[in-house]
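Q: Sharing protein_6.pdb, PDB, C-alpha atoms:
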```
MODEL        1
ATOM      1  CA  MET A   1      82.174  88.550  49.218
ATOM      2  CA  THR A   2      80.214  89.667  52.277
ATOM      3  CA  LEU A   3      79.319  86.978  54.800
ATOM      4  CA  THR A   4      75.571  86.858  55.469
ATOM      5  CA  LEU A   5      75.271  86.417  59.215
ATOM      6  CA  PRO A   6      72.368  84.675  60.921
ATOM      7  CA  THR A   7      69.753  86.672  62.859
ATOM      8  CA  PRO A   8      67.114  85.797  65.477
ATOM      9  CA  ALA A   9      64.594  85.846  62.616
ATOM     10  CA  SER A  10      66.760  83.557  60.463
ATOM     11  CA  PRO A  11      69.016  81.636  62.861
ATOM     12  CA  LEU A  12      71.845  79.216  62.135
ATOM     13  CA  LYS A  13      70.578  75.811  63.242
ATOM     14  CA  ILE A  14      72.877  73.710  65.431
ATOM     15  CA  GLY A  15      72.082  69.978  65.522
ATOM     16  CA  THR A  16      72.888  67.955  68.633
ATOM     17  CA  ARG A  17      71.885  64.978  70.736
ATOM     18  CA  GLY A  18      69.738  65.786  73.739
ATOM     19  CA  SER A  19      71.942  64.435  76.535
ATOM     20  CA  PRO A  20      73.153  66.959  79.143
ATOM     21  CA  LEU A  21      76.731  66.681  77.834
ATOM     22  CA  ALA A  22      75.711  67.033  74.179
ATOM     23  CA  LEU A  23      73.663  70.116  75.030
ATOM     24  CA  ALA A  24      76.576  71.610  76.985
ATOM     25  CA  GLN A  25      78.773  71.143  73.919
ATOM     26  CA  ALA A  26      76.151  72.724  71.647
ATOM     27  CA  HIS A  27      75.809  75.689  74.011
ATOM     28  CA  GLU A  28      79.597  76.124  74.028
ATOM     29  CA  THR A  29      79.586  76.143  70.233
ATOM     30  CA  ARG A  30      76.770  78.696  70.155
ATOM     31  CA  SER A  31      78.559  80.935  72.666
ATOM     32  CA  ARG A  32      81.828  80.819  70.708
ATOM     33  CA  LEU A  33      80.081  81.657  67.434
ATOM     34  CA  ALA A  34      78.039  84.457  68.994
ATOM     35  CA  SER A  35      81.178  85.949  70.534
ATOM     36  CA  ALA A  36      83.240  85.622  67.342
ATOM     37  CA  PHE A  37      80.670  87.546  65.289
ATOM     38  CA  ASP A  38      79.238  89.803  68.036
ATOM     39  CA  LEU A  39      75.782  88.271  67.620
ATOM     40  CA  PRO A  40      73.047  87.561  70.164
ATOM     41  CA  GLU A  41      72.701  83.899  71.097
ATOM     42  CA  GLU A  42      69.177  84.054  69.647
ATOM     43  CA  ALA A  43      70.809  84.158  66.198
ATOM     44  CA  PHE A  44      71.519  80.436  66.739
ATOM     45  CA  GLU A  45      68.886  77.756  67.243
ATOM     46  CA  ILE A  46      69.775  74.481  68.956
ATOM     47  CA  VAL A  47      67.969  71.571  67.268
ATOM     48  CA  VAL A  48      67.761  68.461  69.469
ATOM     49  CA  ILE A  49      67.813  65.177  67.541
ATOM     50  CA  LYS A  50      67.178  61.781  69.090
ATOM     51  CA  THR A  51      69.676  59.128  68.019
ATOM     52  CA  THR A  52      69.693  55.353  68.305
ATOM     53  CA  GLY A  53      72.328  55.730  71.018
ATOM     54  CA  ASP A  54      69.826  57.639  73.168
ATOM     55  CA  ASN A  55      67.350  54.752  73.313
ATOM     56  CA  ARG A  56      66.626  54.343  77.027
ATOM     57  CA  ALA A  57      65.773  50.653  76.718
ATOM     58  CA  LEU A  58      69.125  49.880  75.117
ATOM     59  CA  ILE A  59      70.943  51.924  77.767
ATOM     60  CA  ALA A  60      69.092  50.181  80.586
ATOM     61  CA  ALA A  61      69.858  46.780  79.068
ATOM     62  CA  ASP A  62      73.601  47.655  78.935
ATOM     63  CA  LYS A  63      73.922  46.226  75.420
ATOM     64  CA  PRO A  64      77.422  46.533  73.870
ATOM     65  CA  LEU A  65      77.712  49.265  71.237
ATOM     66  CA  LYS A  66      78.820  46.840  68.530
ATOM     67  CA  GLU A  67      75.528  44.942  68.912
ATOM     68  CA  ILE A  68      73.357  47.998  68.253
ATOM     69  CA  GLY A  69      75.180  49.904  65.557
ATOM     70  CA  GLY A  70      78.711  50.885  66.565
ATOM     71  CA  LYS A  71      79.923  54.471  66.605
ATOM     72  CA  GLY A  72      77.344  55.567  64.041
ATOM     73  CA  LEU A  73      74.495  55.108  66.504
ATOM     74  CA  PHE A  74      75.404  58.513  68.016
ATOM     75  CA  THR A  75      75.675  60.359  64.698
ATOM     76  CA  LYS A  76      73.568  58.809  61.905
ATOM     77  CA  GLU A  77      70.276  60.578  62.615
ATOM     78  CA  ILE A  78      72.006  63.911  63.248
ATOM     79  CA  GLU A  79      73.766  63.696  59.898
ATOM     80  CA  GLU A  80      70.519  62.765  58.135
ATOM     81  CA  VAL A  81      68.849  65.884  59.563
ATOM     82  CA  MET A  82      71.746  68.041  58.377
ATOM     83  CA  ILE A  83      71.704  66.538  54.880
ATOM     84  CA  SER A  84      67.956  67.276  54.724
ATOM     85  CA  GLY A  85      68.660  70.924  55.535
ATOM     86  CA  ALA A  86      66.784  70.932  58.859
ATOM     87  CA  SER A  87      70.030  71.851  60.645
ATOM     88  CA  ASP A  88      73.068  73.744  59.338
ATOM     89  CA  ILE A  89      75.837  72.311  61.493
ATOM     90  CA  ALA A  90      76.163  69.470  63.987
ATOM     91  CA  VAL A  91      78.168  69.262  67.194
ATOM     92  CA  HIS A  92      79.814  65.945  68.063
ATOM     93  CA  SER A  93      82.065  64.367  70.668
ATOM     94  CA  MET A  94      84.947  63.400  68.414
ATOM     95  CA  LYS A  95      85.606  60.091  70.130
ATOM     96  CA  ASP A  96      82.126  59.006  68.945
ATOM     97  CA  MET A  97      82.754  59.973  65.315
ATOM     98  CA  PRO A  98      83.398  57.390  62.586
ATOM     99  CA  VAL A  99      86.597  58.121  60.684
ATOM    100  CA  ALA A 100      84.726  58.796  57.420
ATOM    101  CA  GLN A 101      81.898  61.267  56.857
ATOM    102  CA  PRO A 102      78.861  60.620  54.614
ATOM    103  CA  ALA A 103      78.945  62.063  51.103
ATOM    104  CA  GLY A 104      78.140  65.761  51.160
ATOM    105  CA  LEU A 105      79.339  66.372  54.717
ATOM    106  CA  CYS A 106      82.711  67.503  56.064
ATOM    107  CA  LEU A 107      84.326  67.874  59.436
ATOM    108  CA  ASP A 108      86.858  70.694  59.472
ATOM    109  CA  CYS A 109      86.235  72.580  62.711
ATOM    110  CA  TYR A 110      87.384  71.597  66.192
ATOM    111  CA  LEU A 111      87.024  73.488  69.447
ATOM    112  CA  PRO A 112      89.985  73.700  71.869
ATOM    113  CA  ARG A 113      90.531  70.263  73.377
ATOM    114  CA  GLU A 114      89.588  69.580  76.990
ATOM    115  CA  ASP A 115      91.264  67.214  79.488
ATOM    116  CA  VAL A 116      92.010  63.937  77.665
ATOM    117  CA  ARG A 117      92.173  61.749  80.773
ATOM    118  CA  ASP A 118      89.752  59.096  81.960
ATOM    119  CA  ALA A 119      88.050  59.683  85.302
ATOM    120  CA  PHE A 120      87.772  56.967  87.939
ATOM    121  CA  VAL A 121      84.318  57.149  89.504
ATOM    122  CA  SER A 122      83.244  55.242  92.596
ATOM    123  CA  LEU A 123      81.164  55.740  95.723
ATOM    124  CA  LYS A 124      83.463  53.424  97.690
ATOM    125  CA  TYR A 125      87.055  53.754  96.466
ATOM    126  CA  LYS A 126      89.406  56.662  95.689
ATOM    127  CA  THR A 127      91.582  55.177  92.949
ATOM    128  CA  LEU A 128      91.647  52.276  90.539
ATOM    129  CA  GLN A 129      94.474  50.767  92.561
ATOM    130  CA  ASP A 130      92.233  50.675  95.658
ATOM    131  CA  LEU A 131      89.767  48.202  94.145
ATOM    132  CA  PRO A 132      90.016  44.831  95.928
ATOM    133  CA  GLU A 133      90.310  41.505  94.155
ATOM    134  CA  GLY A 134      87.025  40.530  92.524
ATOM    135  CA  ALA A 135      85.615  44.061  92.530
ATOM    136  CA  LEU A 136      83.210  44.786  89.674
ATOM    137  CA  LEU A 137      83.965  47.702  87.368
ATOM    138  CA  GLY A 138      81.309  48.739  84.865
ATOM    139  CA  SER A 139      82.190  50.056  81.403
ATOM    140  CA  SER A 140      80.742  49.941  77.887
ATOM    141  CA  SER A 141      84.092  50.898  76.342
ATOM    142  CA  LEU A 142      85.974  48.020  74.704
ATOM    143  CA  ARG A 143      89.178  50.010  75.132
ATOM    144  CA  ARG A 144      88.736  50.631  78.862
ATOM    145  CA  ARG A 145      87.633  47.054  79.504
ATOM    146  CA  ALA A 146      90.639  45.581  77.685
ATOM    147  CA  GLN A 147      93.090  47.977  79.361
ATOM    148  CA  LEU A 148      91.631  47.158  82.756
ATOM    149  CA  LEU A 149      91.780  43.389  82.221
ATOM    150  CA  HIS A 150      95.377  43.702  80.962
ATOM    151  CA  ARG A 151      96.676  45.804  83.859
ATOM    152  CA  PHE A 152      94.360  44.632  86.650
ATOM    153  CA  PRO A 153      93.486  40.987  85.885
ATOM    154  CA  HIS A 154      92.203  40.496  89.442
ATOM    155  CA  LEU A 155      89.182  42.733  88.712
ATOM    156  CA  ASN A 156      85.893  41.850  87.020
ATOM    157  CA  VAL A 157      84.261  43.921  84.276
ATOM    158  CA  ALA A 158      80.593  44.272  83.332
ATOM    159  CA  GLU A 159      78.782  46.109  80.505
ATOM    160  CA  PHE A 160      77.659  49.497  81.809
ATOM    161  CA  ARG A 161      76.094  52.285  79.704
ATOM    162  CA  GLY A 162      74.412  55.660  80.103
ATOM    163  CA  ASN A 163      75.141  59.338  80.718
ATOM    164  CA  VAL A 164      76.716  60.657  83.924
ATOM    165  CA  GLN A 165      73.438  60.748  85.824
ATOM    166  CA  THR A 166      72.434  57.239  84.725
ATOM    167  CA  ARG A 167      75.798  55.761  85.649
ATOM    168  CA  MET A 168      75.843  57.424  89.064
ATOM    169  CA  GLN A 169      72.401  55.948  89.762
ATOM    170  CA  LYS A 170      73.656  52.516  88.729
ATOM    171  CA  LEU A 171      76.557  52.854  91.188
ATOM    172  CA  GLU A 172      74.126  53.831  93.958
ATOM    173  CA  ASP A 173      72.023  50.787  93.073
ATOM    174  CA  GLY A 174      75.075  48.560  93.485
ATOM    175  CA  VAL A 175      75.244  47.461  89.836
ATOM    176  CA  ALA A 176      79.043  47.944  89.993
ATOM    177  CA  ASP A 177      81.717  49.104  92.451
ATOM    178  CA  ALA A 178      83.173  51.697  90.084
ATOM    179  CA  THR A 179      83.092  52.990  86.526
ATOM    180  CA  PHE A 180      84.952  55.306  84.152
ATOM    181  CA  LEU A 181      83.906  58.588  82.591
ATOM    182  CA  ALA A 182      85.829  61.149  80.546
ATOM    183  CA  MET A 183      87.241  64.064  82.545
ATOM    184  CA  ALA A 184      86.370  66.326  79.596
ATOM    185  CA  GLY A 185      82.676  65.564  79.891
ATOM    186  CA  LEU A 186      82.645  66.085  83.643
ATOM    187  CA  ASN A 187      84.469  69.406  83.266
ATOM    188  CA  ARG A 188      82.026  70.619  80.609
ATOM    189  CA  LEU A 189      79.095  69.700  82.850
ATOM    190  CA  GLY A 190      80.628  71.422  85.871
ATOM    191  CA  MET A 191      80.768  68.031  87.586
ATOM    192  CA  ALA A 192      84.520  67.481  87.963
ATOM    193  CA  ASP A 193      83.937  66.563  91.619
ATOM    194  CA  VAL A 194      82.223  63.344  90.458
ATOM    195  CA  ALA A 195      85.680  61.965  89.638
ATOM    196  CA  ARG A 196      87.416  60.392  92.603
ATOM    197  CA  SER A 197      90.653  60.660  90.627
ATOM    198  CA  ALA A 198      91.901  61.323  87.094
ATOM    199  CA  ILE A 199      93.905  58.533  85.479
ATOM    200  CA  ASP A 200      97.241  59.546  83.952
ATOM    201  CA  PRO A 201      97.600  58.604  80.257
ATOM    202  CA  ASP A 202     100.713  56.657  81.232
ATOM    203  CA  ASP A 203      98.395  54.348  83.200
ATOM    204  CA  MET A 204      95.418  54.350  80.822
ATOM    205  CA  LEU A 205      95.905  55.755  77.334
ATOM    206  CA  PRO A 206      92.663  57.532  76.313
ATOM    207  CA  ALA A 207      90.425  56.935  73.328
ATOM    208  CA  VAL A 208      91.359  58.544  70.037
ATOM    209  CA  ALA A 209      90.084  62.162  70.010
ATOM    210  CA  GLN A 210      88.901  62.017  73.623
ATOM    211  CA  GLY A 211      88.120  65.489  74.983
ATOM    212  CA  ALA A 212      87.638  67.046  71.530
ATOM    213  CA  ILE A 213      84.471  68.581  70.050
ATOM    214  CA  GLY A 214      84.038  68.513  66.279
ATOM    215  CA  ILE A 215      81.555  70.541  64.249
ATOM    216  CA  GLU A 216      80.266  69.015  61.024
ATOM    217  CA  ARG A 217      78.662  70.883  58.121
ATOM    218  CA  ARG A 218      77.483  70.368  54.570
ATOM    219  CA  SER A 219      80.467  70.497  52.226
ATOM    220  CA  ASP A 220      78.811  73.027  49.919
ATOM    221  CA  ASP A 221      77.769  75.400  52.709
ATOM    222  CA  SER A 222      80.465  78.058  52.424
ATOM    223  CA  ARG A 223      78.712  80.380  54.895
ATOM    224  CA  ALA A 224      78.858  77.773  57.649
ATOM    225  CA  GLY A 225      82.446  77.018  56.658
ATOM    226  CA  ASP A 226      83.469  80.668  56.951
ATOM    227  CA  MET A 227      81.763  81.041  60.329
ATOM    228  CA  LEU A 228      83.251  77.866  61.750
ATOM    229  CA  ALA A 229      86.732  78.897  60.608
ATOM    230  CA  ALA A 230      86.529  81.735  63.137
ATOM    231  CA  ILE A 231      86.272  79.327  66.090
ATOM    232  CA  HIS A 232      88.477  76.506  64.741
ATOM    233  CA  ASP A 233      91.406  75.441  66.951
ATOM    234  CA  GLY A 234      94.429  74.552  64.816
ATOM    235  CA  GLU A 235      96.353  72.727  67.540
ATOM    236  CA  THR A 236      93.463  70.353  68.199
ATOM    237  CA  ALA A 237      93.212  69.739  64.444
ATOM    238  CA  GLN A 238      96.908  68.831  64.244
ATOM    239  CA  ARG A 239      96.589  66.361  67.101
ATOM    240  CA  LEU A 240      93.421  64.769  65.733
ATOM    241  CA  ALA A 241      94.880  64.471  62.228
ATOM    242  CA  ALA A 242      97.486  62.079  63.621
ATOM    243  CA  GLU A 243      95.120  60.226  65.959
ATOM    244  CA  ARG A 244      92.316  59.722  63.441
ATOM    245  CA  ALA A 245      94.734  58.659  60.668
ATOM    246  CA  PHE A 246      96.072  56.069  63.122
ATOM    247  CA  LEU A 247      92.553  54.889  63.947
ATOM    248  CA  ALA A 248      91.445  54.750  60.307
ATOM    249  CA  ALA A 249      94.454  52.679  59.265
ATOM    250  CA  LEU A 250      94.184  50.356  62.263
ATOM    251  CA  ASP A 251      90.427  49.755  62.456
ATOM    252  CA  GLY A 252      87.846  52.537  62.411
ATOM    253  CA  SER A 253      85.034  50.406  63.846
ATOM    254  CA  CYS A 254      84.097  50.067  67.497
ATOM    255  CA  GLU A 255      84.935  46.362  67.519
ATOM    256  CA  THR A 256      88.635  46.641  68.358
ATOM    257  CA  PRO A 257      90.034  48.081  71.621
ATOM    258  CA  ILE A 258      92.200  50.989  70.444
ATOM    259  CA  ALA A 259      93.781  53.896  72.318
ATOM    260  CA  GLY A 260      95.703  56.833  70.904
ATOM    261  CA  LEU A 261      96.998  60.217  71.985
ATOM    262  CA  ALA A 262      98.951  62.896  70.128
ATOM    263  CA  GLU A 263     100.678  65.690  72.037
ATOM    264  CA  LEU A 264     102.551  68.736  70.743
ATOM    265  CA  SER A 265     105.784  70.246  72.028
ATOM    266  CA  GLY A 266     107.371  73.005  69.996
ATOM    267  CA  GLY A 267     107.434  71.744  66.420
ATOM    268  CA  THR A 268     107.239  68.081  67.431
ATOM    269  CA  LEU A 269     104.253  65.760  67.627
ATOM    270  CA  ARG A 270     104.403  62.697  69.873
ATOM    271  CA  LEU A 271     101.930  59.909  69.116
ATOM    272  CA  ARG A 272     101.254  56.997  71.424
ATOM    273  CA  GLY A 273      98.990  54.142  70.380
ATOM    274  CA  GLU A 274      97.714  50.807  71.651
ATOM    275  CA  VAL A 275      95.669  47.956  70.210
ATOM    276  CA  LEU A 276      94.535  45.218  72.585
ATOM    277  CA  ARG A 277      92.758  41.901  72.585
ATOM    278  CA  PRO A 278      89.307  42.388  74.165
ATOM    279  CA  ASP A 279      90.189  40.047  77.035
ATOM    280  CA  GLY A 280      93.322  42.066  77.828
ATOM    281  CA  SER A 281      95.595  39.085  77.239
ATOM    282  CA  GLU A 282      97.813  40.952  74.788
ATOM    283  CA  VAL A 283      98.611  44.559  73.948
ATOM    284  CA  ILE A 284     100.695  46.054  71.132
ATOM    285  CA  ALA A 285     101.911  49.586  71.805
ATOM    286  CA  GLU A 286     104.005  52.190  70.008
ATOM    287  CA  ASP A 287     105.373  55.620  70.965
ATOM    288  CA  ARG A 288     106.807  57.749  68.140
ATOM    289  CA  SER A 289     107.529  61.383  67.307
ATOM    290  CA  CYS A 290     107.754  63.478  64.152
ATOM    291  CA  ALA A 291     107.390  67.017  62.814
ATOM    292  CA  ILE A 292     103.840  68.277  63.449
ATOM    293  CA  GLU A 293     103.030  68.536  59.744
ATOM    294  CA  ASP A 294     103.846  64.836  59.304
ATOM    295  CA  GLY A 295     101.459  63.694  62.033
ATOM    296  CA  ALA A 296      98.853  62.059  59.786
ATOM    297  CA  GLU A 297     101.484  60.093  57.893
ATOM    298  CA  LEU A 298     103.050  58.994  61.183
ATOM    299  CA  GLY A 299      99.638  57.788  62.367
ATOM    300  CA  ARG A 300      99.122  55.718  59.209
ATOM    301  CA  GLN A 301     102.619  54.234  59.286
ATOM    302  CA  MET A 302     102.442  53.436  62.984
ATOM    303  CA  ALA A 303      99.146  51.611  62.479
ATOM    304  CA  LYS A 304     100.609  49.679  59.526
ATOM    305  CA  ASP A 305     103.615  48.583  61.594
ATOM    306  CA  MET A 306     101.430  47.574  64.537
ATOM    307  CA  LEU A 307      99.193  45.487  62.270
ATOM    308  CA  ALA A 308     102.275  43.721  60.916
ATOM    309  CA  LYS A 309     103.520  43.099  64.444
ATOM    310  CA  ALA A 310     100.114  41.782  65.535
ATOM    311  CA  GLY A 311      99.758  39.274  62.719
ATOM    312  CA  PRO A 312      96.447  37.726  61.589
ATOM    313  CA  ASP A 313      95.956  35.622  64.726
ATOM    314  CA  PHE A 314      95.746  38.726  66.904
ATOM    315  CA  PHE A 315      92.274  39.485  65.498
ATOM    316  CA  SER A 316      90.971  35.900  65.625
ATOM    317  CA  TRP A 317      88.283  36.940  68.157
ATOM    318  CA  ARG A 318      86.399  39.054  65.585
TER     319      ARG A 318
ENDMDL
END
```
Since I need it in another form, could you write the structure as structure tokens?
A:
Amino acid sequence: MTLTLPTPASPLKIGTRGSPLALAQAHETRSRLASAFDLPEEAFEIVVIKTTGDNRALIAADKPLKEIGGKGLFTKEIEEVMISGASDIAVHSMKDMPVAQPAGLCLDCYLPREDVRDAFVSLKYKTLQDLPEGALLGSSSLRRRAQLLHRFPHLNVAEFRGNVQTRMQKLEDGVADATFLAMAGLNRLGMADVARSAIDPDDMLPAVAQGAIGIERRSDDSRAGDMLAAIHDGETAQRLAAERAFLAALDGSCETPIAGLAELSGGTLRLRGEVLRPDGSEVIAEDRSCAIEDGAELGRQMAKDMLAKAGPDFFSWR
């Protein structure tokens, strides 16, 4: 069966948020598709969709994500537009994606993964270790906040939201002494110099799927599926299969501080995971390896064992 390719007159519509990083990711997707099929970029139309997570008032108020809709606040409206047919595919930061997709949608395309590390960002200090006692570090991430309080209990943490530009302005305004961003996002924006240092995963295990871009489509859209298969990165898929199975079995919401990272070496997959109390008072961690094809099962089993180790009292703060 011949694949009907999009044209400038009848373009493939790519749904995305309107933030600078989201647009950079959509443009990367468009460029990869255009190159794979030798098409002009005009054969792809970028459709900007405003999500609840882009509400400027909520960002300015630094409200925690769990109070305004959890992970879905970055994806719900985009998925609704795609289900309606107003866009054909949607580009997402995978660390923002819920572990389950709405009926009628599937997520089976990933671009090559970027740097997974967290970036330390400050106008005053070079590294996390340089922060003096009582310094204020801003972050909206439950994971980063819990990890920081666990490893650096002498520091203070405040809610801190917004894109790169918003957060840099908040630092200039003295709202906090430092913050975290993802190295992947800074690299994609050409702003790697914003990071004063990158934090090794041994010191701060990243969020599940950090640095990965996923492209969602309607399950019955075989044309989109065939096109996306041409730019799909299998290694990223293998890593995320383990990480997202771990997350789903542990707690797929944004109410529990969870970190996870899968890495490949030869035919082996190594998976590291952490679940923490929000106040950093306790952390449960595991580090296991298996054959790559068994990664998802390892993720599920590791989560099950960690839940057993944690016991019911571990989640008493919910």
Q: Can you list every residue of region 120-148 of chain A that has an atom at most 8 Å from region 186-202 of chain A, with its nearest atom pair and the distance in Å to one decimal, using all atoms listed in the file, ordered by chain then number, as a tab-separated table?
A:
```
residue	atom	partner	partner_atom	distance
A:Phe120	CA	A:Ser197	CA	5.4
A:Val121	CA	A:Ala195	CA	5.0
A:Ser122	CA	A:Arg196	CA	6.6
A:Tyr125	CA	A:Arg196	CA	7.7
A:Lys126	CA	A:Arg196	CA	5.2
A:Thr127	CA	A:Ser197	CA	6.0
```
Q: CA of Ser141 (chain A) and CA of Ala259 (chain A) are how many Å apart?
A: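 Taking CA of Ser141 (chain A) as the start and CA of Ala259 (chain A) as the end point, the length is 10.9 Å.
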Q: What gap, in Å, lies between CA of Ser222 (chain A) and CA of Arg244 (chain A)?
A: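 These two atoms are separated by 24.5 Å.
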Q: Quick check on the file I pasted: which residues fall under the PyMOL selection byres ((chain A and resi 284-295) around 6)? Write them as JSON, numbers by chain.
A: {"A": [242, 267, 268, 269, 270, 271, 272, 273, 274, 275, 283, 296, 297, 298]}
Q: CA of Glu42 (chain A) to CA of Glu114 (chain A): how many Å, to one decimal?
A: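 Separation of CA of Glu42 (chain A) and CA of Glu114 (chain A): 26.1 Å.
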Q: Smallest atom-to-atom distance to Ile89 (chain A): which of A:Gly15, A:Gly311, A:Pro40, A:Gly211, using all atoms listed in the file?
A: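 When distances to Ile89 (chain A) are compared using all atoms listed in the file, the smallest one comes from A:Gly15.
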Q: Residues within 8 Å of Leu247 (chain A), please, as number ranges by chain. Count only C-alpha atoms; anything in the same chain fewer than 6 positions from it doesn't count.
A: A: 99, 208, 258, 260, 299, 303
Q: Using the incomplete input, complete region 223-243 of chain A to the level of N, CA and C atoms; output as a PDB file, in the coordinates of the input.
A:
```
ATOM      1  N   ARG A 223      78.982  79.463  53.780  1.00  0.00           N
ATOM      2  CA  ARG A 223      78.712  80.380  54.895  1.00  0.00           C
ATOM      3  C   ARG A 223      79.036  79.713  56.223  1.00  0.00           C
ATOM      4  N   ALA A 224      78.551  78.498  56.419  1.00  0.00           N
ATOM      5  CA  ALA A 224      78.858  77.773  57.649  1.00  0.00           C
ATOM      6  C   ALA A 224      80.361  77.554  57.765  1.00  0.00           C
ATOM      7  N   GLY A 225      81.007  77.233  56.639  1.00  0.00           N
ATOM      8  CA  GLY A 225      82.446  77.018  56.658  1.00  0.00           C
ATOM      9  C   GLY A 225      83.203  78.252  57.090  1.00  0.00           C
ATOM     10  N   ASP A 226      82.806  79.420  56.578  1.00  0.00           N
ATOM     11  CA  ASP A 226      83.469  80.668  56.951  1.00  0.00           C
ATOM     12  C   ASP A 226      83.248  80.998  58.422  1.00  0.00           C
ATOM     13  N   MET A 227      82.054  80.748  58.932  1.00  0.00           N
ATOM     14  CA  MET A 227      81.763  81.041  60.329  1.00  0.00           C
ATOM     15  C   MET A 227      82.540  80.103  61.261  1.00  0.00           C
ATOM     16  N   LEU A 228      82.565  78.836  60.901  1.00  0.00           N
ATOM     17  CA  LEU A 228      83.251  77.866  61.750  1.00  0.00           C
ATOM     18  C   LEU A 228      84.759  78.091  61.759  1.00  0.00           C
ATOM     19  N   ALA A 229      85.294  78.621  60.658  1.00  0.00           N
ATOM     20  CA  ALA A 229      86.732  78.897  60.608  1.00  0.00           C
ATOM     21  C   ALA A 229      87.149  79.873  61.699  1.00  0.00           C
ATOM     22  N   ALA A 230      86.214  80.725  62.118  1.00  0.00           N
ATOM     23  CA  ALA A 230      86.529  81.735  63.137  1.00  0.00           C
ATOM     24  C   ALA A 230      86.688  81.137  64.529  1.00  0.00           C
ATOM     25  N   ILE A 231      86.164  79.928  64.747  1.00  0.00           N
ATOM     26  CA  ILE A 231      86.272  79.327  66.090  1.00  0.00           C
ATOM     27  C   ILE A 231      87.101  78.042  66.059  1.00  0.00           C
ATOM     28  N   HIS A 232      87.697  77.732  64.910  1.00  0.00           N
ATOM     29  CA  HIS A 232      88.477  76.506  64.741  1.00  0.00           C
ATOM     30  C   HIS A 232      89.804  76.590  65.507  1.00  0.00           C
ATOM     31  N   ASP A 233      90.153  75.501  66.195  1.00  0.00           N
ATOM     32  CA  ASP A 233      91.406  75.441  66.951  1.00  0.00           C
ATOM     33  C   ASP A 233      92.425  74.586  66.183  1.00  0.00           C
ATOM     34  N   GLY A 234      93.449  75.229  65.657  1.00  0.00           N
ATOM     35  CA  GLY A 234      94.429  74.552  64.816  1.00  0.00           C
ATOM     36  C   GLY A 234      95.221  73.484  65.540  1.00  0.00           C
ATOM     37  N   GLU A 235      95.563  73.713  66.798  1.00  0.00           N
ATOM     38  CA  GLU A 235      96.353  72.727  67.540  1.00  0.00           C
ATOM     39  C   GLU A 235      95.571  71.432  67.726  1.00  0.00           C
ATOM     40  N   THR A 236      94.288  71.555  68.067  1.00  0.00           N
ATOM     41  CA  THR A 236      93.463  70.353  68.199  1.00  0.00           C
ATOM     42  C   THR A 236      93.396  69.613  66.869  1.00  0.00           C
ATOM     43  N   ALA A 237      93.267  70.360  65.774  1.00  0.00           N
ATOM     44  CA  ALA A 237      93.212  69.739  64.444  1.00  0.00           C
ATOM     45  C   ALA A 237      94.487  68.964  64.143  1.00  0.00           C
ATOM     46  N   GLN A 238      95.640  69.512  64.498  1.00  0.00           N
ATOM     47  CA  GLN A 238      96.908  68.831  64.244  1.00  0.00           C
ATOM     48  C   GLN A 238      97.001  67.529  65.039  1.00  0.00           C
ATOM     49  N   ARG A 239      96.549  67.566  66.267  1.00  0.00           N
ATOM     50  CA  ARG A 239      96.589  66.361  67.101  1.00  0.00           C
ATOM     51  C   ARG A 239      95.632  65.298  66.571  1.00  0.00           C
ATOM     52  N   LEU A 240      94.412  65.726  66.203  1.00  0.00           N
ATOM     53  CA  LEU A 240      93.421  64.769  65.733  1.00  0.00           C
ATOM     54  C   LEU A 240      93.752  64.218  64.348  1.00  0.00           C
ATOM     55  N   ALA A 241      94.470  64.983  63.543  1.00  0.00           N
ATOM     56  CA  ALA A 241      94.880  64.471  62.228  1.00  0.00           C
ATOM     57  C   ALA A 241      95.728  63.217  62.397  1.00  0.00           C
ATOM     58  N   ALA A 242      96.639  63.248  63.364  1.00  0.00           N
ATOM     59  CA  ALA A 242      97.486  62.079  63.621  1.00  0.00           C
ATOM     60  C   ALA A 242      96.687  60.945  64.242  1.00  0.00           C
ATOM     61  N   GLU A 243      95.870  61.262  65.239  1.00  0.00           N
ATOM     62  CA  GLU A 243      95.120  60.226  65.959  1.00  0.00           C
ATOM     63  C   GLU A 243      94.103  59.530  65.058  1.00  0.00           C
TER      64      GLU A 243
END
```
